[in-house]
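Notes follow the structure.
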Amino acid sequence: MSTLSTTPADTDPSSASGSASGASSEPPTRRPGDGRSRRAGRLAEAASVGWKMLLVKILALGALDAVAVYAAMVLFTGDEPLAAGLVVAVAGLLTWIYLRRGALPAKYLAPGVFFLVIFQIFMVLYSGYVAFTNYSTGHNSSKEDAIEAIMLQNQERVPDSPTYPLTVAERFGQLSFAVVDPADPDGQVLVGTAEQPLRPADDAAVEGGEIVALGGHDILDFGERIERQEEITELAVPFGEDPNDGVLRTQDAQSAYQYVSQYVYDESADTMTNTDTGTVYVDEGDGAFVSAVGEELMPGWRIAVGLDNFLRAATDSSIRGPLVSVTLWTFAFAFLSVATTFVLGLFLAVVFNDPRMRSRRYYRLIMILPYAFPGFLSALVWAGMLNEEFGFINDVLLGGMQIPWLTDPWLAKASILLVNLWLGFPYMFLVCTGALQALPEDLTEAAQMDGAKPFQAFRLIKLPLLLVSLAPLLISAFAFNFNNLTLVYMLTGGGPRDIEAGVNAGATDILITLVYKVAFVGADRDYGLASAFAILIFLLVGTVSVIAFRRTKSLEELN
């Protein structure tokens with residue numbers, strides 16, 4: 001039979017009070033409502049942040065869609081319905097991506113893909129398209145625009161033209177001519193712009209033969225006419241849809257007269273006839289109206305010419321000769337630039353990587369200073385220093401000698417290589433220094449213990465290992481110098497000019513400067529031929545890069 005027993009501790013008041021005091025020292029128990037309120041607060045805060053982000057997203061997408069709609073309207077009114085539809089589709093796709101839930105990868109990829117398509121893929125495809133057209137000076141628009149331009153450029157005032165008291169008005173920033181039709185007994189008011197022919201005006205008020213109000217237009221007063229007189233005198237408002245009807249023009253912003261072109265366009269026969277000489281110009285499919293004796297009316301229009309630009313480059317001796325010379329010099333320039341900068345950069349990296357060299361960090365800092373200056377600015381400074389008459393090198397270093405550093409073909413090429421060496425060796429110095437420091441010193445020590453001299457250890461061990469990591473950089477440097485427009489154009493402008501060439505080519509031009517000058521320099525700009533040259537550059541650089549990368553695979557066996 002068991003009995004219950006109690007210990008003193010169970011009944012001792014002091015121990016009870018001690019246990020009570022111990023219980024009171026513990027932290028108070030949390031109430032269940034406190035946790036729920038804190039969670040609710042956090043959820044409310046997150047919801048407020050999400051609401052703000054959603055508002056920002058909607059505003060940004062609204063601005064994007066507004067710009068897209070405006071661009072689509074401009075394209076559609078400019079007879080570009082396909083481009084307008086594409087703009088609307090892209091804007092709708094972006095809006096759908098960013099308003100839907102999920103699709104996180106698409107939200108990150110969409111901006112990059114969009115700009116890649118616009119600035120890379122589209123530009124490449126458009127350049128390729130231009131290479132197969134006659135797009136050039138005088139052939140840069142449509143046939144309708146060319147007809148209108150020919151007739152506007154050869155206008156004469158009709159001798160018996162009535163005098164039209166002129167009212168100049170403005171609507172949405174565009175000037176308009178308003179006149180009272182002298183052939184209408186009711187005094188019908190006609191209004192028109194450079195794009196829209198004269199047409200009856202609504203809500204026009206005439207007092208004393210003068211137009212005093214024109215619905216939807218702001219009439220310019222005398223002072224405003226004086227301020228914008230040049231703009232007003234250049235304005236030509238067509239009388240009708242037929243360009244042979246002539247235009248309304250003014251010389252004093254007060255009175256207007258009818259002008260007609262000395263050329264008459266026959267739409268059914270597709271010919272242009274000079275009314276003064278009777279010469280007939282026919283469209284023979286070459287992008288211009290041509291007479292029987294071969295005279296062309298300018299401007300012409302843009303058409304597809306197939307491979308004509310490539311055939312011109314290959315068969316026209318005035319283009320083929322300079323193109324071959326420029327191509328050979330481009331390869332020589334790119335190869336010599338990479339070779340000289342690599343040799344000098346590697347030599348300095350080896351020297352300043354030697355632990356016996358004191359103050360190496362300061363020397364390295366000095367070595368990379370040319371790399372810190374903008375390349376175009378350095379090229380301009382060197383162009384001034386190499387000036388034949390007042391350059392620092394001739395005047396100060398050579399005692400006043402006049403050496404044609406930039407005007408003699410061979411000296412100009414040597415000057416370009418020298419300046420490019422100055423600009424390029426710091427980059428090679430940096431990459432070679434990093435590659436050298438990544439190589440373990442145990443290889444060199446083991447080679448020297450086997451009896452190899454320092455140069456032999458470098459040539460047979462370190463250099464092959466360096467080329468494993470530096471070969472891709474050398475290939476990219478070759479591609480960069482192959483298209484080094486900044487240095488050549490800023491230093492010599494591609495000159496001295498080859499006066500016998502059929503294109504704007506010089507002794508120091510490389511392919512990219514030739515493309516730039518053919519397309520954008522001079523009065524005769526040939527965008528189609530320049531695009532054909534650009535395709536040639538792409539093929540050459542791509543071929544060299546593929547061959548070089550395949551050859552560098554043999555270096556990977558060293559690892």
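We name chains A, B, ... following the order of the structure tokens; residues begin at 1 in each chain, and ligands are numbered from 1 as shown.
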
Open item on the list: Can you pull out the residues contacting segment 455-460 of chain A? Cut-off 10 Å, using only C-alpha atoms, and skip same-chain residues under 3 positions away; I want them as a list in words.
Closed with: Val350, Leu443, Thr444, Glu445, Ala446, Ala447, Gln448, Gly451, Ala452, Leu463, Pro464, Leu465 and Leu466 of chain A

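Near segment 371-380 of chain A, within a cut-off of 7 Å and counting only C-alpha atoms, sit the residues Leu423, Pro426, Tyr427, Thr486, Leu487, Met490 and Leu491 of chain A, with same-chain residues fewer than 5 positions away left out.
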
For the interface of segment 119-234 of chain A with segment 266-272 of chain A (cut-off 10 Å, counting only C-alpha atoms), please tabulate each contacting residue of segment 119-234 of chain A alongside its nearest pair of atoms and their separation in Å to one decimal, rows sorted by chain and increasing number, as a Markdown table.
```
| residue | atom | partner | partner_atom | distance |
| --- | --- | --- | --- | --- |
| A:Ile147 | CA | A:Met272 | CA | 8.6 |
| A:Ile150 | CA | A:Met272 | CA | 9.4 |
| A:Met151 | CA | A:Met272 | CA | 9.6 |
```

- [ ] Using only C-alpha atoms, determine which residues lie at most 9 Å from Arg199 of chain A, disregarding the query and same-chain residues fewer than 2 positions distant; provide the list as a ChimeraX atom specification.
- [x] /A:189-192,196-197,201,239-240

Go ahead and save the residues from that selection, with C-alpha atoms, as a PDB file, in the first residue's frame.
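Now in part-v4.pdb:
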```pdb
ATOM      1  CA  VAL A 189     -12.596  81.212-101.108  1.00  0.00           C
ATOM      2  CA  LEU A 190      -9.924  78.621-101.955  1.00  0.00           C
ATOM      3  CA  VAL A 191      -7.329  77.370 -99.479  1.00  0.00           C
ATOM      4  CA  GLY A 192      -4.430  74.978 -99.929  1.00  0.00           C
ATOM      5  CA  GLN A 196      -3.024  69.707-100.467  1.00  0.00           C
ATOM      6  CA  PRO A 197      -4.180  71.474-103.668  1.00  0.00           C
ATOM      7  CA  ALA A 201     -12.840  76.687 -97.747  1.00  0.00           C
ATOM      8  CA  PHE A 239      -3.870  74.263-108.254  1.00  0.00           C
ATOM      9  CA  GLY A 240      -5.052  70.675-108.637  1.00  0.00           C
TER      10      GLY A 240
END
```

TODO: Select, from A:Leu64, A:Ile510, A:Ala131, A:Ile537, the residue with the minimum atom-to-atom distance to Ile303 of chain A, counting only C-alpha atoms.
DONE: A:Ala131

Task: 9 Å contact set for Ala236 of chain A, only C-alpha atoms, chain neighbours under 6 positions out, as a PyMOL selection string - done: chain A and resi 152+177+193-194+247-250+259

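Residues of segment 280-367 of chain A that DSSP, applied to the backbone, places in strand (DSSP E): Val280, Tyr281, Val282, Asp283, Phe289, Val290, Glu296 and Leu297 of chain A.
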
Residue selection dump (all heavy atoms) as a CSV table (one decimal), in the first residue's frame:
```
chain,number,residue,atom,x,y,z
A,280,VAL,N,11.7,65.1,-125.6
A,280,VAL,CA,10.9,64.1,-124.9
A,280,VAL,C,11.9,63.2,-124.1
A,280,VAL,O,12.8,62.6,-124.6
A,280,VAL,CB,10.1,63.3,-125.8
A,280,VAL,CG1,9.2,62.2,-125.0
A,280,VAL,CG2,9.1,64.1,-126.6
A,281,TYR,N,11.5,63.0,-122.8
A,281,TYR,CA,12.3,62.2,-121.9
A,281,TYR,C,11.5,61.0,-121.5
A,281,TYR,O,10.3,61.1,-121.1
A,281,TYR,CB,12.7,63.0,-120.6
A,281,TYR,CG,13.6,64.2,-120.9
A,281,TYR,CD1,13.1,65.4,-121.3
A,281,TYR,CD2,15.0,64.0,-120.8
A,281,TYR,CE1,13.9,66.5,-121.6
A,281,TYR,CE2,15.8,65.1,-121.1
A,281,TYR,CZ,15.3,66.3,-121.5
A,281,TYR,OH,16.1,67.4,-121.7
A,282,VAL,N,12.1,59.8,-121.6
A,282,VAL,CA,11.3,58.6,-121.4
A,282,VAL,C,11.9,57.8,-120.2
A,282,VAL,O,13.1,57.8,-120.0
A,282,VAL,CB,11.4,57.7,-122.7
A,282,VAL,CG1,10.6,56.4,-122.5
A,282,VAL,CG2,10.9,58.5,-123.9
A,283,ASP,N,11.0,57.1,-119.5
A,283,ASP,CA,11.5,56.2,-118.4
A,283,ASP,C,11.9,54.9,-119.0
A,283,ASP,O,11.0,54.1,-119.5
A,283,ASP,CB,10.3,56.0,-117.4
A,283,ASP,CG,10.7,55.1,-116.3
A,283,ASP,OD1,11.9,54.7,-116.2
A,283,ASP,OD2,9.8,54.7,-115.6
A,289,PHE,N,14.2,59.9,-116.1
A,289,PHE,CA,13.7,60.2,-117.4
A,289,PHE,C,14.9,60.5,-118.3
A,289,PHE,O,15.8,61.4,-117.9
A,289,PHE,CB,12.8,61.3,-117.4
A,289,PHE,CG,11.4,61.0,-116.8
A,289,PHE,CD1,11.1,61.5,-115.6
A,289,PHE,CD2,10.5,60.2,-117.5
A,289,PHE,CE1,9.9,61.2,-115.0
A,289,PHE,CE2,9.3,59.9,-117.0
A,289,PHE,CZ,8.9,60.4,-115.7
A,290,VAL,N,15.1,59.8,-119.4
A,290,VAL,CA,16.3,59.9,-120.3
A,290,VAL,C,15.8,60.3,-121.7
A,290,VAL,O,14.8,59.8,-122.2
A,290,VAL,CB,17.1,58.6,-120.3
A,290,VAL,CG1,18.3,58.8,-121.1
A,290,VAL,CG2,17.4,58.1,-118.9
A,296,GLU,N,19.8,62.9,-118.9
A,296,GLU,CA,18.9,62.5,-117.8
A,296,GLU,C,18.3,63.7,-117.1
A,296,GLU,O,19.0,64.8,-116.9
A,296,GLU,CB,19.7,61.7,-116.7
A,296,GLU,CG,20.0,60.3,-117.2
A,296,GLU,CD,20.5,59.4,-116.1
A,296,GLU,OE1,20.6,59.9,-114.9
A,296,GLU,OE2,20.8,58.2,-116.3
A,297,LEU,N,17.1,63.6,-116.7
A,297,LEU,CA,16.5,64.7,-115.9
A,297,LEU,C,16.6,64.3,-114.4
A,297,LEU,O,16.3,63.2,-114.0
A,297,LEU,CB,15.0,64.8,-116.2
A,297,LEU,CG,14.5,65.5,-117.5
A,297,LEU,CD1,13.0,65.5,-117.6
A,297,LEU,CD2,15.1,67.0,-117.4
```

Open item on the list: Given only C-alpha atoms as the basis, pick out the residue of A:Lys462, A:Arg157, A:Arg356, A:Lys57 nearest to Pro440 of chain A.
Closed with: A:Lys462

TODO: For Phe335 of chain A, please output as a PyMOL selection string all residues within 10 Å (counting only C-alpha atoms; exclusion window: fewer than 2 positions along the same chain).
DONE: chain A and resi 329-333+337-340+474-475+477-479+481-482

Task: Contacts of Pro496 of chain A at 7 Å (only C-alpha atoms; same-chain gap of 5+ positions) as a PyMOL selection string - done: chain A and resi 407-409+506-507

TODO: If you run DSSP over the backbone, which residues in segment 401-502 of chain A end up helix (DSSP H, G or I)? Put them as a count of residues only.
DONE: 75

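Those residues that approach Asn274 of chain A to within 10 Å, counting only C-alpha atoms, are Asn154, Ser261, Gln262, Tyr263, Val264, Tyr265, Thr279, Val280 and Tyr281 of chain A; same-chain residues fewer than 5 positions away are not listed.
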
Output N, CA and C atoms for every residue in that selection, as a short mmCIF file (atom, residue, chain, number, x, y, z; two decimals), in the first residue's frame.
```cif
data_model
loop_
_atom_site.label_atom_id
_atom_site.label_comp_id
_atom_site.auth_asym_id
_atom_site.auth_seq_id
_atom_site.Cartn_x
_atom_site.Cartn_y
_atom_site.Cartn_z
N ASN A 154 11.45 73.72 -112.29
CA ASN A 154 11.51 74.35 -113.61
C ASN A 154 10.22 75.09 -113.91
N SER A 261 5.17 74.61 -114.96
CA SER A 261 6.50 74.07 -115.27
C SER A 261 6.73 74.07 -116.78
N GLN A 262 8.01 74.20 -117.17
CA GLN A 262 8.35 74.10 -118.58
C GLN A 262 8.34 72.65 -119.05
N TYR A 263 8.15 71.72 -118.09
CA TYR A 263 8.02 70.30 -118.43
C TYR A 263 6.57 69.87 -118.25
N VAL A 264 6.11 69.05 -119.14
CA VAL A 264 4.77 68.51 -119.08
C VAL A 264 4.88 66.99 -118.98
N TYR A 265 4.20 66.44 -117.98
CA TYR A 265 4.23 65.00 -117.77
C TYR A 265 3.01 64.35 -118.39
N THR A 279 11.96 68.47 -126.39
CA THR A 279 12.66 67.22 -126.09
C THR A 279 11.78 66.33 -125.23
N VAL A 280 11.73 65.07 -125.59
CA VAL A 280 10.92 64.09 -124.86
C VAL A 280 11.85 63.19 -124.06
N TYR A 281 11.53 63.04 -122.79
CA TYR A 281 12.31 62.20 -121.88
C TYR A 281 11.45 61.00 -121.49
#
```

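Nearest to Leu470 of chain A of all the residues A:Thr552, A:Thr233, A:Asn353, A:Gln251 is A:Thr552, counting only C-alpha atoms.
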
Task: Nearest to Asp498 of chain A by atom-to-atom distance, counting only C-alpha atoms, from A:Gly62, A:Leu514, A:Asp316, A:Val168 - done: A:Leu514
